[in-house]
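**Student:** Data file protein_34.txt (compact mmCIF, C-alpha atoms) is appended below.
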```txt
# COMPACT_ATOMS: atom_id res chain seq x y z
CA MET A 1 46.87 -25.67 85.61
CA ILE A 2 48.67 -27.12 82.60
CA TYR A 3 50.06 -24.01 80.94
CA LEU A 4 50.49 -24.38 77.18
CA ASP A 5 50.32 -20.72 76.15
CA ASN A 6 54.06 -19.96 76.17
CA SER A 7 53.89 -18.23 72.80
CA ALA A 8 51.90 -15.53 74.59
CA THR A 9 54.34 -15.46 77.48
CA THR A 10 56.38 -18.14 79.19
CA PHE A 11 55.17 -19.40 82.54
CA PRO A 12 56.58 -20.16 84.97
CA LYS A 13 59.71 -18.02 84.86
CA PRO A 14 62.91 -19.68 86.08
CA THR A 15 63.80 -19.23 89.74
CA ALA A 16 66.90 -17.24 88.78
CA VAL A 17 64.73 -14.72 86.90
CA ARG A 18 62.40 -14.21 89.85
CA LYS A 19 65.35 -13.84 92.22
CA ALA A 20 67.11 -11.35 89.97
CA MET A 21 64.00 -9.20 89.75
CA ASN A 22 63.47 -9.38 93.48
CA ASP A 23 67.08 -8.36 94.11
CA ALA A 24 66.70 -5.38 91.78
CA VAL A 25 63.59 -4.14 93.53
CA THR A 26 64.82 -4.74 97.07
CA GLN A 27 68.56 -4.03 96.86
CA TYR A 28 69.35 -1.49 94.16
CA GLY A 29 66.09 -0.28 92.67
CA ALA A 30 67.28 3.22 91.77
CA ASN A 31 66.80 4.83 88.37
CA PRO A 32 69.67 3.69 86.13
CA GLY A 33 71.68 6.23 84.12
CA ARG A 34 70.35 9.26 85.92
CA SER A 35 72.02 9.90 89.26
CA GLY A 36 75.58 9.62 90.52
CA HIS A 37 74.92 7.78 93.78
CA SER A 38 76.06 4.21 94.31
CA MET A 39 72.62 2.65 93.84
CA SER A 40 72.04 4.36 90.51
CA ILE A 41 75.51 3.37 89.31
CA ARG A 42 74.82 -0.23 90.35
CA ALA A 43 71.53 -0.16 88.46
CA SER A 44 73.34 1.21 85.38
CA GLU A 45 75.91 -1.57 85.63
CA GLU A 46 73.20 -4.25 85.76
CA ILE A 47 71.50 -2.79 82.66
CA PHE A 48 74.87 -2.77 80.89
CA ARG A 49 75.50 -6.40 81.84
CA CYS A 50 72.20 -7.38 80.23
CA ARG A 51 73.10 -5.42 77.11
CA SER A 52 76.42 -7.25 76.92
CA GLU A 53 74.75 -10.68 77.36
CA ALA A 54 72.25 -9.86 74.63
CA ALA A 55 74.98 -8.62 72.30
CA SER A 56 76.86 -11.87 72.83
CA MET A 57 73.76 -14.04 72.33
CA PHE A 58 72.75 -12.34 69.09
CA GLY A 59 76.23 -11.99 67.61
CA VAL A 60 76.69 -8.22 67.59
CA SER A 61 80.04 -6.66 68.39
CA SER A 62 78.88 -3.86 70.66
CA PRO A 63 76.35 -3.60 73.50
CA ASP A 64 75.56 -0.11 72.12
CA ASN A 65 73.63 -1.88 69.38
CA VAL A 66 71.14 -3.37 71.86
CA VAL A 67 68.17 -1.10 72.53
CA PHE A 68 65.74 -2.07 75.29
CA THR A 69 62.13 -1.47 74.28
CA LEU A 70 58.73 -2.03 75.86
CA ASN A 71 58.19 -5.17 73.79
CA CYS A 72 58.73 -6.53 70.28
CA THR A 73 55.90 -4.43 68.86
CA HIS A 74 57.62 -1.27 70.06
CA ALA A 75 60.91 -2.41 68.52
CA ILE A 76 59.24 -3.09 65.16
CA ASN A 77 57.53 0.30 65.20
CA ILE A 78 60.87 2.04 65.82
CA VAL A 79 62.26 0.53 62.61
CA LEU A 80 59.20 0.92 60.40
CA LYS A 81 58.43 4.48 61.41
CA GLY A 82 62.06 5.49 61.65
CA LEU A 83 63.30 4.08 58.36
CA LEU A 84 60.51 4.32 55.79
CA ARG A 85 59.82 7.38 53.66
CA LYS A 86 57.14 8.29 51.13
CA GLY A 87 57.46 6.13 48.04
CA ASP A 88 59.17 3.22 49.84
CA HIS A 89 57.91 -0.32 49.38
CA VAL A 90 58.03 -3.15 51.91
CA VAL A 91 57.66 -6.90 51.49
CA ILE A 92 56.28 -9.00 54.32
CA SER A 93 55.44 -12.69 54.61
CA ASP A 94 51.85 -13.88 54.99
CA MET A 95 52.71 -15.17 58.46
CA GLU A 96 53.24 -11.72 59.99
CA HIS A 97 51.74 -10.62 63.28
CA ASN A 98 49.70 -7.41 63.55
CA ALA A 99 52.78 -5.89 65.19
CA VAL A 100 54.06 -5.68 61.61
CA VAL A 101 50.87 -5.38 59.57
CA ARG A 102 49.12 -2.66 61.55
CA PRO A 103 51.94 -0.08 61.51
CA LEU A 104 52.45 -0.74 57.79
CA TYR A 105 48.73 -0.35 57.17
CA ALA A 106 48.86 2.97 59.03
CA LEU A 107 51.93 4.04 57.03
CA LYS A 108 49.97 3.74 53.77
CA GLU A 109 48.66 7.21 54.57
CA ARG A 110 52.24 8.46 54.34
CA GLY A 111 52.69 6.98 50.86
CA ILE A 112 54.41 3.76 51.91
CA SER A 113 53.22 0.57 50.22
CA TYR A 114 53.66 -3.11 51.01
CA SER A 115 53.26 -6.50 49.34
CA VAL A 116 52.58 -9.86 50.97
CA ALA A 117 54.71 -12.85 49.96
CA LYS A 118 52.89 -16.17 50.35
CA ILE A 119 55.16 -18.70 52.04
CA SER A 120 55.21 -22.45 51.63
CA GLU A 121 54.86 -24.54 54.78
CA ASP A 122 57.10 -27.30 53.45
CA ASP A 123 59.14 -25.96 50.50
CA PRO A 124 61.71 -23.25 51.33
CA ASP A 125 62.55 -22.82 47.62
CA GLU A 126 58.94 -21.89 46.97
CA THR A 127 59.03 -19.43 49.86
CA LEU A 128 62.15 -17.83 48.47
CA ALA A 129 60.63 -17.56 44.99
CA SER A 130 57.60 -15.85 46.48
CA PHE A 131 59.78 -13.23 48.16
CA ARG A 132 61.77 -12.73 44.95
CA ASP A 133 58.58 -12.18 42.96
CA SER A 134 57.38 -9.61 45.48
CA LEU A 135 60.51 -7.43 45.40
CA LYS A 136 60.29 -4.17 43.46
CA ASP A 137 62.77 -1.49 42.46
CA ASN A 138 61.64 0.65 45.37
CA THR A 139 61.61 -2.13 47.98
CA LYS A 140 63.49 -0.67 50.92
CA LEU A 141 62.77 -3.25 53.58
CA VAL A 142 61.68 -6.86 53.92
CA VAL A 143 60.03 -7.88 57.17
CA CYS A 144 59.89 -11.54 58.03
CA THR A 145 58.97 -13.50 61.11
CA HIS A 146 61.42 -16.25 62.00
CA VAL A 147 58.71 -18.59 63.33
CA SER A 148 54.96 -18.16 62.84
CA ASN A 149 53.17 -17.54 66.13
CA VAL A 150 50.15 -19.46 64.81
CA TRP A 151 51.56 -22.40 62.88
CA GLY A 152 55.11 -22.77 64.17
CA ILE A 153 56.41 -22.69 60.58
CA ARG A 154 60.08 -21.77 60.52
CA LEU A 155 60.99 -19.46 57.66
CA PRO A 156 64.38 -19.69 55.90
CA ILE A 157 65.54 -16.28 57.09
CA GLU A 158 69.19 -16.90 56.19
CA ARG A 159 68.31 -17.37 52.51
CA ILE A 160 65.68 -14.60 52.57
CA THR A 161 68.23 -12.16 54.03
CA ALA A 162 70.84 -13.06 51.39
CA LEU A 163 68.28 -12.71 48.61
CA CYS A 164 67.05 -9.32 49.81
CA HIS A 165 70.54 -7.93 50.15
CA GLN A 166 71.24 -8.94 46.55
CA TYR A 167 68.31 -6.75 45.57
CA GLY A 168 69.41 -3.86 47.77
CA ALA A 169 66.72 -4.23 50.45
CA GLU A 170 67.34 -4.33 54.19
CA VAL A 171 65.86 -7.02 56.41
CA LEU A 172 63.97 -6.88 59.69
CA ILE A 173 63.49 -10.21 61.45
CA ASP A 174 60.76 -10.65 64.06
CA ALA A 175 62.36 -13.13 66.44
CA SER A 176 59.73 -13.06 69.17
CA GLN A 177 58.91 -16.77 68.70
CA SER A 178 62.46 -17.94 68.02
CA ALA A 179 64.83 -16.03 70.30
CA GLY A 180 66.25 -18.46 72.82
CA MET A 181 65.43 -21.46 70.67
CA LEU A 182 66.90 -21.03 67.17
CA PRO A 183 70.35 -19.78 66.09
CA LEU A 184 70.23 -16.03 65.54
CA SER A 185 73.67 -14.58 64.99
CA MET A 186 73.14 -11.25 63.30
CA GLY A 187 76.75 -11.16 62.22
CA ASP A 188 76.53 -14.57 60.54
CA ILE A 189 73.12 -14.13 58.92
CA GLY A 190 73.51 -10.44 58.06
CA ILE A 191 70.24 -9.32 59.63
CA ASP A 192 69.91 -5.54 59.61
CA TYR A 193 67.29 -5.17 62.34
CA LEU A 194 66.40 -7.85 64.89
CA CYS A 195 63.29 -7.30 66.97
CA THR A 196 62.28 -9.57 69.80
CA SER A 197 60.37 -9.76 73.02
CA GLY A 198 62.04 -10.79 76.24
CA HIS A 199 59.14 -12.57 77.86
CA LYS A 200 58.72 -15.57 75.59
CA GLY A 201 61.69 -17.78 74.67
CA LEU A 202 64.06 -15.66 76.76
CA TYR A 203 61.98 -16.27 79.91
CA SER A 204 62.08 -12.68 81.12
CA PRO A 205 59.10 -10.90 82.66
CA MET A 206 56.70 -8.93 80.49
CA GLY A 207 57.59 -5.31 79.79
CA VAL A 208 60.86 -5.62 77.91
CA GLY A 209 61.83 -6.27 74.33
CA MET A 210 64.85 -5.50 72.17
CA LEU A 211 65.78 -3.85 68.93
CA ILE A 212 69.25 -4.95 67.92
CA THR A 213 70.95 -3.12 65.07
CA SER A 214 74.16 -1.39 64.10
CA LYS A 215 72.12 0.94 61.87
CA GLY A 216 70.28 2.89 64.54
CA GLY A 217 71.71 6.14 63.20
CA ARG A 218 69.57 5.74 60.06
CA LEU A 219 66.31 5.69 62.00
CA ASN A 220 64.34 8.79 62.90
CA THR A 221 62.92 8.80 66.39
CA PHE A 222 59.24 9.10 67.22
CA ILE A 223 59.71 9.23 70.97
CA GLU A 224 61.98 11.90 72.37
CA GLY A 225 62.60 12.63 76.01
CA GLY A 226 65.00 12.41 78.90
CA THR A 227 67.88 10.00 78.43
CA GLY A 228 70.24 11.05 81.23
CA SER A 229 72.67 12.22 78.55
CA ASN A 230 73.32 15.59 76.88
CA SER A 231 70.58 16.99 79.07
CA ALA A 232 71.36 20.65 78.29
CA MET A 233 70.52 20.04 74.63
CA PHE A 234 66.99 20.07 73.26
CA GLU A 235 67.94 17.73 70.43
CA GLN A 236 67.44 14.03 71.07
CA PRO A 237 70.92 12.45 71.45
CA ASP A 238 72.09 10.72 68.29
CA ILE A 239 74.20 8.19 70.19
CA MET A 240 73.13 4.57 70.49
CA PRO A 241 71.42 3.20 72.49
CA ASP A 242 70.31 6.44 74.23
CA ARG A 243 68.66 7.66 71.05
CA PHE A 244 65.83 5.16 71.43
CA GLU A 245 65.67 4.83 75.21
CA SER A 246 63.86 7.94 76.41
CA GLY A 247 62.30 7.78 79.83
CA THR A 248 62.94 5.50 82.77
CA GLN A 249 63.94 1.98 81.84
CA ASN A 250 62.27 -1.11 83.24
CA LEU A 251 65.13 -2.14 85.53
CA PRO A 252 63.46 -5.21 87.12
CA ALA A 253 62.44 -6.57 83.72
CA ILE A 254 65.85 -5.95 82.15
CA VAL A 255 67.61 -7.58 85.07
CA GLY A 256 65.15 -10.46 84.72
CA LEU A 257 65.96 -10.60 81.00
CA ARG A 258 69.65 -11.04 81.75
CA ALA A 259 68.83 -13.92 84.09
CA GLY A 260 66.57 -15.39 81.40
CA ILE A 261 69.29 -15.16 78.77
CA LYS A 262 71.73 -16.89 81.13
CA PHE A 263 69.12 -19.58 81.83
CA VAL A 264 68.64 -20.26 78.12
CA THR A 265 72.38 -20.17 77.42
CA SER A 266 73.11 -22.61 80.24
CA ILE A 267 70.65 -25.19 78.87
CA THR A 268 71.39 -24.19 75.23
CA PRO A 269 68.79 -23.12 72.69
CA GLU A 270 69.31 -26.38 70.81
CA LYS A 271 68.22 -28.45 73.80
CA ILE A 272 65.21 -26.25 74.42
CA HIS A 273 64.19 -26.50 70.76
CA ALA A 274 64.66 -30.28 70.75
CA HIS A 275 62.54 -30.62 73.89
CA GLU A 276 59.67 -28.58 72.48
CA ILE A 277 59.75 -30.36 69.13
CA MET A 278 59.71 -33.73 70.89
CA LEU A 279 56.63 -32.69 72.84
CA LEU A 280 54.84 -31.38 69.76
CA GLN A 281 55.69 -34.49 67.74
CA ASN A 282 54.21 -36.58 70.54
CA LEU A 283 51.06 -34.45 70.55
CA TYR A 284 50.84 -34.40 66.76
CA ASP A 285 51.03 -38.19 66.57
CA ARG A 286 48.29 -38.56 69.20
CA LEU A 287 46.03 -35.99 67.54
CA ALA A 288 46.56 -37.51 64.09
CA GLU A 289 44.78 -40.65 65.32
CA ASN A 290 41.64 -38.66 66.11
CA LYS A 291 39.54 -38.30 62.95
CA ARG A 292 37.78 -35.27 64.41
CA VAL A 293 40.99 -33.28 64.78
CA ILE A 294 42.18 -31.06 61.94
CA LEU A 295 45.92 -30.56 61.67
CA TYR A 296 47.03 -28.01 59.12
CA THR A 297 50.80 -28.29 59.05
CA PRO A 298 53.20 -31.18 58.52
CA ARG A 299 54.52 -33.12 61.51
CA PRO A 300 56.85 -30.72 63.41
CA ASP A 301 60.57 -31.24 63.05
CA MET A 302 63.74 -29.41 64.06
CA LEU A 303 64.45 -28.08 60.57
CA HIS A 304 61.08 -26.64 59.68
CA SER A 305 59.35 -25.89 62.98
CA GLY A 306 59.34 -23.77 66.11
CA GLY A 307 57.55 -24.57 69.34
CA VAL A 308 53.97 -23.95 68.18
CA LEU A 309 51.19 -26.20 66.90
CA SER A 310 47.64 -25.21 65.92
CA PHE A 311 44.66 -27.47 65.42
CA ASN A 312 40.87 -27.54 65.46
CA ILE A 313 38.22 -30.06 66.40
CA LYS A 314 36.08 -30.46 63.28
CA ASP A 315 34.03 -27.31 62.84
CA ALA A 316 33.93 -26.38 66.54
CA ASP A 317 34.59 -22.73 67.28
CA SER A 318 38.20 -22.59 68.46
CA GLU A 319 37.30 -20.37 71.43
CA VAL A 320 34.69 -22.92 72.54
CA THR A 321 37.31 -25.67 72.36
CA ALA A 322 39.81 -23.59 74.35
CA ASP A 323 37.18 -22.78 76.96
CA TYR A 324 36.34 -26.47 77.29
CA LEU A 325 40.01 -27.30 77.86
CA ASN A 326 40.37 -24.55 80.45
CA THR A 327 37.11 -25.17 82.31
CA ARG A 328 37.05 -28.97 82.32
CA TYR A 329 40.75 -29.76 82.48
CA GLY A 330 42.59 -26.64 83.63
CA ILE A 331 44.59 -26.55 80.37
CA ALA A 332 45.63 -23.08 79.17
CA VAL A 333 45.87 -22.60 75.40
CA ARG A 334 45.11 -19.65 73.17
CA ALA A 335 42.38 -19.67 70.53
CA GLY A 336 41.16 -17.30 67.84
CA LEU A 337 43.30 -15.35 65.39
CA HIS A 338 46.40 -14.82 67.58
CA CYS A 339 46.76 -11.25 66.28
CA ALA A 340 47.83 -12.75 62.94
CA PRO A 341 44.89 -12.69 60.51
CA LEU A 342 47.16 -13.06 57.46
CA ALA A 343 48.49 -16.35 58.84
CA HIS A 344 44.95 -17.63 59.24
CA LYS A 345 44.05 -16.54 55.74
CA HIS A 346 46.91 -18.76 54.49
CA PHE A 347 45.12 -21.89 55.74
CA GLY A 348 41.53 -20.61 55.48
CA THR A 349 40.91 -20.47 59.24
CA GLU A 350 39.85 -16.81 59.47
CA LYS A 351 36.34 -17.67 60.66
CA GLN A 352 37.06 -20.60 62.94
CA GLY A 353 40.41 -19.48 64.27
CA THR A 354 42.56 -22.23 65.73
CA VAL A 355 43.51 -23.68 69.08
CA ARG A 356 47.21 -23.03 69.61
CA VAL A 357 49.48 -25.17 71.78
CA SER A 358 52.86 -23.74 72.72
CA PRO A 359 55.00 -25.60 75.28
CA SER A 360 58.11 -24.38 77.04
CA TYR A 361 61.17 -26.01 78.54
CA PHE A 362 59.07 -26.64 81.66
CA THR A 363 56.35 -28.56 79.82
CA SER A 364 56.31 -32.34 80.24
CA ILE A 365 55.31 -35.28 78.07
CA ARG A 366 52.54 -35.98 80.60
CA ASP A 367 51.06 -32.56 79.79
CA MET A 368 50.78 -33.65 76.15
CA ALA A 369 49.07 -36.91 77.20
CA VAL A 370 46.53 -35.06 79.36
CA LEU A 371 45.84 -32.58 76.54
CA SER A 372 45.26 -35.28 73.94
CA GLN A 373 42.97 -37.21 76.32
CA ALA A 374 40.99 -34.03 76.92
CA ILE A 375 40.65 -33.48 73.18
CA ASN A 376 39.58 -37.08 72.63
CA SER A 377 36.89 -36.62 75.28
CA TYR A 378 35.44 -33.54 73.59
CA LYS A 379 31.82 -33.99 72.57
CA MET B 1 89.60 12.43 92.75
CA ASP B 2 91.69 14.53 90.38
CA GLU B 3 89.58 15.78 87.49
CA LYS B 4 92.67 15.75 85.27
CA ASN B 5 92.42 11.95 85.34
CA ALA B 6 88.81 11.93 84.21
CA ILE B 7 87.57 10.92 80.76
CA MET B 8 84.02 12.07 80.00
CA PHE B 9 81.25 10.34 78.11
CA ASN B 10 77.80 11.55 77.08
CA SER B 11 76.28 8.11 77.65
CA VAL B 12 76.54 5.89 80.72
CA THR B 13 76.53 2.91 78.35
CA HIS B 14 79.63 4.22 76.59
CA ALA B 15 81.31 4.88 79.94
CA LEU B 16 80.61 1.34 81.14
CA ARG B 17 81.82 -0.16 77.88
CA ALA B 18 85.02 1.86 78.19
CA GLN B 19 85.45 0.72 81.78
CA GLU B 20 85.12 -2.90 80.71
CA ILE B 21 87.70 -2.45 77.95
CA LEU B 22 90.16 -0.79 80.31
CA ALA B 23 89.69 -3.57 82.86
CA GLY B 24 90.81 -5.97 80.16
CA TYR B 25 94.14 -4.11 80.18
CA SER B 26 94.25 -4.05 83.98
CA ILE B 27 93.52 -0.32 84.04
CA ARG B 28 91.14 0.38 86.91
CA SER B 29 88.69 3.24 86.83
CA LYS B 30 85.78 4.64 88.82
CA LEU B 31 82.51 5.60 87.23
CA VAL B 32 80.96 8.83 88.50
CA LYS B 33 78.48 11.39 87.24
CA SER B 34 80.37 14.19 85.44
CA SER B 35 80.64 17.45 87.33
CA ARG B 36 78.38 20.21 85.98
CA SER B 37 81.33 22.50 85.39
CA ARG B 38 82.87 20.04 82.94
CA SER B 39 79.92 18.80 80.97
CA GLU B 40 78.95 21.37 78.34
CA LYS B 41 76.04 19.40 76.99
CA GLY B 42 74.59 18.63 80.38
CA CYS B 43 74.44 15.29 82.14
CA GLY B 44 77.09 12.71 81.42
CA TYR B 45 79.35 10.22 83.14
CA SER B 46 83.11 10.19 83.70
CA LEU B 47 85.68 7.52 84.32
CA TYR B 48 88.39 8.49 86.76
CA ILE B 49 91.45 6.60 85.60
CA ASN B 50 93.72 4.95 88.14
CA GLY B 51 96.81 4.95 85.95
CA ASN B 52 97.98 6.38 82.63
CA ARG B 53 95.14 8.55 81.32
CA SER B 54 96.67 8.97 77.86
CA LYS B 55 96.98 5.26 77.38
CA ALA B 56 93.43 4.76 78.63
CA LEU B 57 92.13 7.36 76.19
CA GLU B 58 93.98 5.74 73.33
CA LEU B 59 92.52 2.33 74.17
CA ILE B 60 89.02 3.77 74.43
CA ARG B 61 89.24 5.63 71.14
CA SER B 62 90.72 2.66 69.29
CA SER B 63 87.67 0.67 70.43
CA GLY B 64 85.44 3.16 68.65
CA ILE B 65 83.87 4.58 71.81
CA GLN B 66 82.89 8.25 71.69
CA THR B 67 84.27 10.42 74.46
CA ALA B 68 83.13 13.93 75.32
CA GLY B 69 84.93 17.17 75.82
CA GLU B 70 88.31 16.04 74.43
```
So, in terms of structure tokens, how does the structure I just supplied come out?
**Tutor:**
Amino acid sequence: MIYLDNSATTFPKPTAVRKAMNDAVTQYGANPGRSGHSMSIRASEEIFRCRSEAASMFGVSSPDNVVFTLNCTHAINIVLKGLLRKGDHVVISDMEHNAVVRPLYALKERGISYSVAKISEDDPDETLASFRDSLKDNTKLVVCTHVSNVWGIRLPIERITALCHQYGAEVLIDASQSAGMLPLSMGDIGIDYLCTSGHKGLYSPMGVGMLITSKGGRLNTFIEGGTGSNSAMFEQPDIMPDRFESGTQNLPAIVGLRAGIKFVTSITPEKIHAHEIMLLQNLYDRLAENKRVILYTPRPDMLHSGGVLSFNIKDADSEVTADYLNTRYGIAVRAGLHCAPLAHKHFGTEKQGTVRVSPSYFTSIRDMAVLSQAINSYK
Amino acid sequence: MDEKNAIMFNSVTHALRAQEILAGYSIRSKLVKSSRSRSEKGCGYSLYINGNRSKALELIRSSGIQTAGE
């Protein structure tokens, strides 16, 4: 199979990730942060090492500020439901995933409102103006994806963050499509809340994400439970990261995440990004020669794009196209709305959906050639 | 291990962070689960300091790490 669905989850995982997970399960698979025996202490130490690696990667001073979550959706929900109160207003981009839109839609019942800022796919100044026009006196939070999971459009989060802070709003960045590929120093950019998954650009297994923030104390909890700390008290601990880590942690996934972070760091995010952009440029140029192919975004480049490209074949249903690629050629892509209906509304593809190609560091130029040949053969 | 040399933490993450900081000053310590008699709030972790406890405590506090029971 030619796997080009890495925006859903990266496959394969690096050998070091698989080995790390196997070691955790076979050598020290005790519950971390609960018992006092050697295996539990070892498990706690491995979790801490991952926290430290993540803190270093994302430019935060303390590992306490790294909360391990189930996934990016969970991390986003912690912030939205923990921070927002009745009467608050939120601004989001029109590229946001349902991980952002659905909780905000549900929060309308609690008197929280939101506005959608239309971004420009090729003019960051226009994007910034759109955010500025959407801000209100009661805007408490701006939520912005770093890279669109449908179109690969890279938003100018540095400028958006600076703008929002000028207006007194905090910023949540959804980094699930950019972590491991684009620079994301929270200290440098000033991001208030960074949410990401582990299993995409960080090459970890599924089942782990992160919320990274120094402002965890401001967030109410919506999950309380055992944390292995302050156990005699009925109140949920107010110390980070315990506050948001109730229940048993996913030790194998977190250990795998550390190995994934080290894998990415050893190659460097810049190299990974350059590789993926090179592949997508190659594909884009091949597809542009086919009059039946619809491309919606400009040619990918390092400044404006992440590792995602969507297209369609004329008016063919995107799911039919994806099924053809899978059945006839063993090529795995994702079709449909990609859990991001707002992003499809931006380009008018709500009915057709799109076929999304998302390579990884393990994808080759030959994979792009086979894909374009398959598309050219489509009848 | 002498409990007088122990520094308690409510969170294992805080204890491990403290241990790492102390190691940077060549102060060795052992991480253990806090004894029930010492931890008022229930479960926690302690570092048993192999060296000057006062100095260790000062280093930990100056790093902004919360200790328990001090």
**Student:** Write out as a PyMOL selection string each polymer residue whose atoms come within 9 Å of Glu158 of chain A, counting only C-alpha atoms; drop sequence neighbours fewer than 4 positions from it.
**Tutor:** chain A and resi 162-163+188-191
**Student:** Should the cut-off be 8 Å, what would the residue list for chain B against chain A look like, counting all atoms listed in the file, as a VMD selection string?
**Tutor:** chain B and resid 10 to 14 16 to 17 31 to 33 40 to 44
**Student:** So what do you get for atom CA of Ile375 of chain A versus atom CA of Val333 of chain A, distance-wise?
**Tutor:**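 For atom CA of Ile375 of chain A relative to atom CA of Val333 of chain A, the distance reads 12.3 Å.
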**Student:** Choose the residue, out of B:Lys4, B:Gln66, B:Lys30, B:Gly24, that has the smallest atom-to-atom separation from Asn50 of chain B; count only C-alpha atoms.
**Tutor:** B:Lys30
**Student:** Atom CA of Arg18 of chain A and atom CA of Ile365 of chain A, how far apart in Å?
**Tutor:** 25.2 Å
**Student:** By how many Å are atom CA of Ala6 of chain B and atom CA of Arg42 of chain A apart?
**Tutor:** 19.5 Å
**Student:** Which residues, written as an MDAnalysis selection string, have at least one atom at most 10 Å from segment 113-121 of chain A, with all atoms listed in the file counted and residues fewer than 2 positions away on the same chain left out?
**Tutor:** chainID A and resid 84 86:96 101 104:105 107:111 123:136 138:139 141:144 151:155 296:298 304:305 342:343 346
**Student:** List every protein, DNA or RNA residue with an atom no more than 9 Å from (62.5, -7.3, 59.7) in the file's coordinates, counting all atoms listed in the file, and format the result as a list in words.
**Tutor:**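 Collected hits near the coordinates: Ile76, Val79, Leu80, Ile92, Val100, Leu141, Val142, Val143, Cys144, Thr145, Glu170, Val171, Leu172, Ile173, Asp174, Ala175, Ile191, Asp192, Tyr193, Leu194 and Cys195 of chain A.
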**Student:** Give as a PDB file with C-alpha atoms, in the coordinates of the input the set of residues within 8 Å of the point (65.3, -18.0, 74.3), where distances use the file's coordinates and only C-alpha atoms.
**Tutor:**
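Dumped everything to result06.pdb:
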```pdb
ATOM      1  CA  SER A 178      62.460 -17.940  68.020  1.00  0.00           C
ATOM      2  CA  ALA A 179      64.830 -16.030  70.300  1.00  0.00           C
ATOM      3  CA  GLY A 180      66.250 -18.460  72.820  1.00  0.00           C
ATOM      4  CA  MET A 181      65.430 -21.460  70.670  1.00  0.00           C
ATOM      5  CA  LEU A 182      66.900 -21.030  67.170  1.00  0.00           C
ATOM      6  CA  LYS A 200      58.720 -15.570  75.590  1.00  0.00           C
ATOM      7  CA  GLY A 201      61.690 -17.780  74.670  1.00  0.00           C
ATOM      8  CA  LEU A 202      64.060 -15.660  76.760  1.00  0.00           C
ATOM      9  CA  TYR A 203      61.980 -16.270  79.910  1.00  0.00           C
ATOM     10  CA  GLY A 260      66.570 -15.390  81.400  1.00  0.00           C
ATOM     11  CA  ILE A 261      69.290 -15.160  78.770  1.00  0.00           C
ATOM     12  CA  VAL A 264      68.640 -20.260  78.120  1.00  0.00           C
ATOM     13  CA  PRO A 269      68.790 -23.120  72.690  1.00  0.00           C
TER      14      PRO A 269
END
```
**Student:** With only C-alpha atoms as the counted atoms, please give the residues lying no more than 8 Å from Cys50 of chain A, apart from itself and same-chain residues fewer than 4 positions off, as a list in words.
**Tutor:**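 Answer for this query is Glu46, Ala54, Ile254, Val255, Leu257 and Arg258 of chain A.
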**Student:** Between B:Ser34, B:Glu3, B:Glu70, B:Ala23, which residue has the minimum interatomic distance to Leu57 of chain B, considering all atoms listed in the file?
**Tutor:**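 Smallest separation from Leu57 of chain B among the options: B:Glu70.
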**Student:** Name the closest residue to Ala332 of chain A among the candidates A:Glu270, A:Asp5, A:Asp317, A:Asp285; distances are taken between atoms, counting only C-alpha atoms.
**Tutor:**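 Distance minimum relative to Ala332 of chain A lands on A:Asp5.
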**Student:** Between A:Ser40, A:Glu224, A:Ser185, A:Ser214, which is the closest to Tyr45 of chain B once you count all atoms listed in the file?
**Tutor:**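 Closest residue, counting all atoms listed in the file: A:Ser40.
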**Student:** Quick one: of B:Leu47, B:Ile7, B:Ile27, B:Ala18, who's nearest to Gly64 of chain B, counting only C-alpha atoms?
**Tutor:**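 The answer is B:Ala18, which sits nearest to Gly64 of chain B.
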**Student:** Which neighbours of Leu287 of chain A fall inside 9 Å, counting only C-alpha atoms, when residues of the same chain fewer than 5 positions from it are skipped, and could you give them as a PDB file with C-alpha atoms, in the frame of the given file?
**Tutor:**
```pdb
ATOM      1  CA  ASN A 282      54.210 -36.580  70.540  1.00  0.00           C
ATOM      2  CA  ARG A 292      37.780 -35.270  64.410  1.00  0.00           C
ATOM      3  CA  VAL A 293      40.990 -33.280  64.780  1.00  0.00           C
ATOM      4  CA  ILE A 294      42.180 -31.060  61.940  1.00  0.00           C
ATOM      5  CA  LEU A 295      45.920 -30.560  61.670  1.00  0.00           C
ATOM      6  CA  PHE A 311      44.660 -27.470  65.420  1.00  0.00           C
ATOM      7  CA  SER A 372      45.260 -35.280  73.940  1.00  0.00           C
ATOM      8  CA  ILE A 375      40.650 -33.480  73.180  1.00  0.00           C
ATOM      9  CA  ASN A 376      39.580 -37.080  72.630  1.00  0.00           C
TER      10      ASN A 376
END
```
**Student:** Because the input lacks atoms here, generate N, CA and C atoms for segment 14-18 of chain B and report them as a short mmCIF file (atom, residue, chain, number, x, y, z; two decimals), in the coordinates of the input.
**Tutor:**
```cif
data_model
loop_
_atom_site.label_atom_id
_atom_site.label_comp_id
_atom_site.auth_asym_id
_atom_site.auth_seq_id
_atom_site.Cartn_x
_atom_site.Cartn_y
_atom_site.Cartn_z
N HIS B 14 78.29 4.08 77.16
CA HIS B 14 79.63 4.22 76.59
C HIS B 14 80.68 4.19 77.70
N ALA B 15 80.37 4.85 78.81
CA ALA B 15 81.31 4.88 79.94
C ALA B 15 81.54 3.47 80.48
N LEU B 16 80.48 2.70 80.60
CA LEU B 16 80.61 1.34 81.14
C LEU B 16 81.34 0.44 80.15
N ARG B 17 81.12 0.64 78.89
CA ARG B 17 81.82 -0.16 77.88
C ARG B 17 83.32 0.15 77.94
N ALA B 18 83.61 1.45 78.08
CA ALA B 18 85.02 1.86 78.19
C ALA B 18 85.64 1.26 79.44
#
```
